[in-house]
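Chemist: Dropping a structure here in structure tokens format, bear with me for questions.
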Amino acid sequence: MTLAELEKRHRDYTASLDEWRFYLASYFGGKMYKEGDYLLAHPFESGANYRRRKEISYYYNYCGPIVDIFVSHIFRKEAARDYGSLANDALFEGFLRDADFDGNSLRHFMRDAARYAAVYGRVSVIVDKPSSDAATLQDAIDAGIRPYVKLVTPENLLDWSYVRLANGREALDMAKIREADGVYRIWTRDGWELWRTVKGGGVELVDAAAHELGEVPLVNLYNKRTGARMQGISDIRDIADINKNIYYLCSDAKEIIENTAFPMLAMPYGRNDAADEREVGPHNIIQFDPAEPNARPYWLEPPHSSLTEIREWVRQDIAEIYRMARMGGVRTTEDFAAARSGVAIDLEFQQLYAALSEKADNLELAETRVLELWARWEGAVFDGTIDYPDDFSVRDLDRELKNAFDALGSKVGSPTLRRELEKKIASALLPKADTGVMARIAQELDGEAGV
């Protein structure tokens, strides 16, 4: 193994790296975004002014909340998990509590994986098992020797290759993962090797081991599939560019406000400096020939009309972000949102539900594959099922409550209707109440009505 071979990157990795980093910065925002050189310099702008403008810039982060809302909808309801014969396994119970040896349960690990998949478009999960000298199951339990999972972001999966098997199916044949600076682990279908770079441009083999899985223990979690290997579609693929434009426009607006906060002074120049070179700009004094008619000092007020155009552009970009995220129907905090028909909102909700359902299906498939690999490491077979919820309806609680209270406030002549409206209000106000509490409320309402 040479250094060039060890550091070789897949062509798709090289083509997508900058895009992945841009998505990650757009999601986290803050210092990561400001240091990403996403603020363009104006033509002929001085380096000092650009650095100052970049330092005082601010980023309205719409990408992060959109991704978090998607993930929260998927994990709002617990997935139905039947672990089959693994359910009573002591090692497996430890894995469910601490799936990655970092204190995260399997559910929390999958939630984090879903979040990063939504940002990058695809993440990978390695299912590994430490080397063990445990003679008995109890020794393995006491030592914590069991399979575990590790999240691999696209930035750290440097190279991969597929091979066509005898049955015609394509299988992952090799995966090269960067575990630290200068440290790489190469997985194959029959083992792994751990390499690191050394001073002088060389490499050395640190460790190696064989396994009997017959496949690379790597599971890909796609946010949305593209049909290409290792390529997924990020939830913020187009939104991040619009968010960057808002970042750029806000910087321009701030620059205009600062430059137009005070008028520029115009003064006549002296006869002795008439031929001198003079700088003209928003931070300088404008000079004119004192021989001109009515030559006297005055203040020049810059125009502010471009601020209105920038503000309107920003509003349009924000509205477009919500539309592309299929969340226009739930946007209620923007005072400039235009009225929309109920049909348009329902259609947008349906598009959102379809996207969430696809994400849930991909999570279901990935988690099942993870558990299959976990069982194979232990010489067992996963015979259970994983079923993520498919219902992602979002009710407008305020609208439902208002309609119910308006109906109750009217002169409704039907006691049955009033009783059912009261039950609906109770259900909306107490979404997390257990079934016993809700049954008691229903009995109380029925009892008052003499039912």
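Every chain in the structure tokens has a letter given in the order shown (A, B, ...), and although residue numbers restart at 1 in each chain, ligands are simply numbered from 1 in the order shown.
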Counting only C-alpha atoms, which residues in region 144-224 of chain A sit no more than 12 Å from region 16-19 of chain A? For each one, give the nearest pair of atoms and the distance in Å, sorted by chain then residue number, as JSON lines.

Modeler:
```
{"residue": "A:Thr153", "atom": "CA", "partner": "A:Leu17", "partner_atom": "CA", "distance": 11.1}
{"residue": "A:Pro154", "atom": "CA", "partner": "A:Leu17", "partner_atom": "CA", "distance": 8.1}
{"residue": "A:Glu155", "atom": "CA", "partner": "A:Leu17", "partner_atom": "CA", "distance": 6.6}
{"residue": "A:Asn156", "atom": "CA", "partner": "A:Leu17", "partner_atom": "CA", "distance": 10.0}
{"residue": "A:Leu157", "atom": "CA", "partner": "A:Leu17", "partner_atom": "CA", "distance": 10.6}
{"residue": "A:Leu158", "atom": "CA", "partner": "A:Leu17", "partner_atom": "CA", "distance": 9.8}
```

Chemist: Any chance you can output those residues with N, CA and C atoms as a PDB file, in the first residue's frame?

Modeler:
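Below is the file out-v6.pdb, written as the result:
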```pdb
ATOM      1  N   THR A 153     -20.203   9.904   8.135  1.00  0.00           N
ATOM      2  CA  THR A 153     -20.725  10.932   7.243  1.00  0.00           C
ATOM      3  C   THR A 153     -20.058  10.808   5.878  1.00  0.00           C
ATOM      4  N   PRO A 154     -20.675  11.349   4.829  1.00  0.00           N
ATOM      5  CA  PRO A 154     -20.077  11.246   3.488  1.00  0.00           C
ATOM      6  C   PRO A 154     -18.684  11.833   3.392  1.00  0.00           C
ATOM      7  N   GLU A 155     -18.364  12.819   4.208  1.00  0.00           N
ATOM      8  CA  GLU A 155     -17.032  13.426   4.167  1.00  0.00           C
ATOM      9  C   GLU A 155     -15.940  12.442   4.581  1.00  0.00           C
ATOM     10  N   ASN A 156     -16.304  11.420   5.345  1.00  0.00           N
ATOM     11  CA  ASN A 156     -15.308  10.471   5.848  1.00  0.00           C
ATOM     12  C   ASN A 156     -15.330   9.125   5.145  1.00  0.00           C
ATOM     13  N   LEU A 157     -16.286   8.895   4.259  1.00  0.00           N
ATOM     14  CA  LEU A 157     -16.277   7.690   3.430  1.00  0.00           C
ATOM     15  C   LEU A 157     -15.602   8.065   2.110  1.00  0.00           C
ATOM     16  N   LEU A 158     -14.294   7.827   2.043  1.00  0.00           N
ATOM     17  CA  LEU A 158     -13.470   8.385   0.976  1.00  0.00           C
ATOM     18  C   LEU A 158     -13.554   7.624  -0.340  1.00  0.00           C
TER      19      LEU A 158
END
```

Chemist: In Å to one decimal, how far is CA of Trp374 (chain A) from CA of Asp100 (chain A)?

Modeler: 12.1 Å

Chemist: Please build the interface table for region 77-191 of chain A against region 49-64 of chain A with a cut-off of 12 Å, listing for each qualifying residue the nearest atom pair and the distance in Å to one decimal; count only C-alpha atoms, order rows by chain and increasing number, and write it as a Markdown table.

Modeler:
```
| residue | atom | partner | partner_atom | distance |
| --- | --- | --- | --- | --- |
| A:Arg115 | CA | A:Gly64 | CA | 9.8 |
| A:Tyr116 | CA | A:Gly64 | CA | 10.9 |
| A:Ala118 | CA | A:Gly64 | CA | 10.2 |
| A:Val119 | CA | A:Gly64 | CA | 8.7 |
```

Chemist: Create the file for the chosen residues now, containing N, CA and C atoms and written as a short mmCIF file (atom, residue, chain, number, x, y, z; two decimals), in the first residue's frame.

Modeler:
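Just written: result-v6.cif:
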```cif
data_model
loop_
_atom_site.label_atom_id
_atom_site.label_comp_id
_atom_site.auth_asym_id
_atom_site.auth_seq_id
_atom_site.Cartn_x
_atom_site.Cartn_y
_atom_site.Cartn_z
N ARG A 115 -31.14 12.79 10.86
CA ARG A 115 -30.86 14.22 10.75
C ARG A 115 -29.71 14.48 9.78
N TYR A 116 -28.63 13.73 9.92
CA TYR A 116 -27.49 13.94 9.03
C TYR A 116 -27.80 13.47 7.61
N ALA A 118 -30.68 13.81 6.24
CA ALA A 118 -31.47 14.91 5.67
C ALA A 118 -30.57 16.05 5.23
N VAL A 119 -29.45 16.25 5.92
CA VAL A 119 -28.52 17.32 5.56
C VAL A 119 -27.67 16.92 4.35
#
```

Chemist: Do a neighbour search on Leu249 (chain A) at 10 Å with only C-alpha atoms, toss out local chain neighbours closer than 6 positions, and write the hits as a ChimeraX atom specification.

Modeler: /A:39,243,255,307,310-311,313-314

Chemist: Taking into account only C-alpha atoms, which residue in the set A:Asp159, A:Asp235, A:Asp37, A:Asp128 is nearest to Tyr184 (chain A)?

Modeler: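 Result for the nearest residue to Tyr184 (chain A): A:Asp159.
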
Chemist: Which residue, A:Glu7, A:Glu179, A:Glu215, A:Asp82, has the smallest gap to Leu373 (chain A) when you use only C-alpha atoms?

Modeler: A:Glu215

Chemist: Of the residues A:Leu3, A:Ala360, A:Ile321, A:Glu212, which is the one nearest to Lys244 (chain A), using only C-alpha atoms?

Modeler: A:Ile321

Chemist: Please, which residues of region 146-276 of chain A, numbered as in this document, come out alpha helix (DSSP H) from DSSP, as a VMD selection string?

Modeler: chain A and resid 239 to 260

Chemist: For a quick check of understanding, using only C-alpha atoms, which of A:Ala439, A:Ala79, A:Val219, A:Met230 has the smallest distance to Ala113 (chain A)?

Modeler: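 Among the listed residues, the smallest separation from Ala113 (chain A) belongs to A:Val219.
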
Chemist: Name the closest residue to Ile425 (chain A) among the candidates A:Gly182, A:Met438, A:Met110, A:Ala175; distances are taken between atoms, counting only C-alpha atoms.

Modeler: A:Met438

Chemist: Here is a test: counting only C-alpha atoms, which residue of A:Ser410, A:Arg164, A:Arg169, A:Leu218 is nearest to Trp187 (chain A)?

Modeler: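 Closest to Trp187 (chain A) of all the choices is A:Leu218.
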
Chemist: Mind checking which residues fall within 9 Å of region 198-208 of chain A, counting only C-alpha atoms, ignoring those fewer than 6 positions away in the same chain, and posting them as a list in words?

Modeler: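 Neighbouring residues, sequence-local ones excluded: Met1, Thr2, Leu3, Leu6, Gly182, Gly191 and Trp192 of chain A.
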
Chemist: Only N, CA and C atoms, please: the residues just picked out, written as a PDB file, in the first residue's frame.

Modeler:
```pdb
ATOM      1  N   MET A   1       0.852  -1.194   0.000  1.00  0.00           N
ATOM      2  CA  MET A   1       0.000   0.000   0.000  1.00  0.00           C
ATOM      3  C   MET A   1       0.890   1.246   0.000  1.00  0.00           C
ATOM      4  N   THR A   2       0.698   2.114  -0.956  1.00  0.00           N
ATOM      5  CA  THR A   2       1.446   3.363  -1.023  1.00  0.00           C
ATOM      6  C   THR A   2       0.583   4.502  -0.486  1.00  0.00           C
ATOM      7  N   LEU A   3       1.217   5.642  -0.244  1.00  0.00           N
ATOM      8  CA  LEU A   3       0.479   6.794   0.259  1.00  0.00           C
ATOM      9  C   LEU A   3      -0.567   7.243  -0.750  1.00  0.00           C
ATOM     10  N   LEU A   6      -3.473   4.896  -0.559  1.00  0.00           N
ATOM     11  CA  LEU A   6      -4.236   5.058   0.667  1.00  0.00           C
ATOM     12  C   LEU A   6      -5.099   6.317   0.636  1.00  0.00           C
ATOM     13  N   GLY A 182      -5.017  11.148   9.091  1.00  0.00           N
ATOM     14  CA  GLY A 182      -3.963  10.207   8.752  1.00  0.00           C
ATOM     15  C   GLY A 182      -4.251   8.768   9.134  1.00  0.00           C
ATOM     16  N   GLY A 191     -12.764  -8.969   5.731  1.00  0.00           N
ATOM     17  CA  GLY A 191     -11.953  -8.455   6.824  1.00  0.00           C
ATOM     18  C   GLY A 191     -11.779  -6.953   6.749  1.00  0.00           C
ATOM     19  N   TRP A 192     -10.856  -6.436   7.586  1.00  0.00           N
ATOM     20  CA  TRP A 192     -10.548  -5.014   7.574  1.00  0.00           C
ATOM     21  C   TRP A 192      -9.070  -4.806   7.882  1.00  0.00           C
TER      22      TRP A 192
END
```
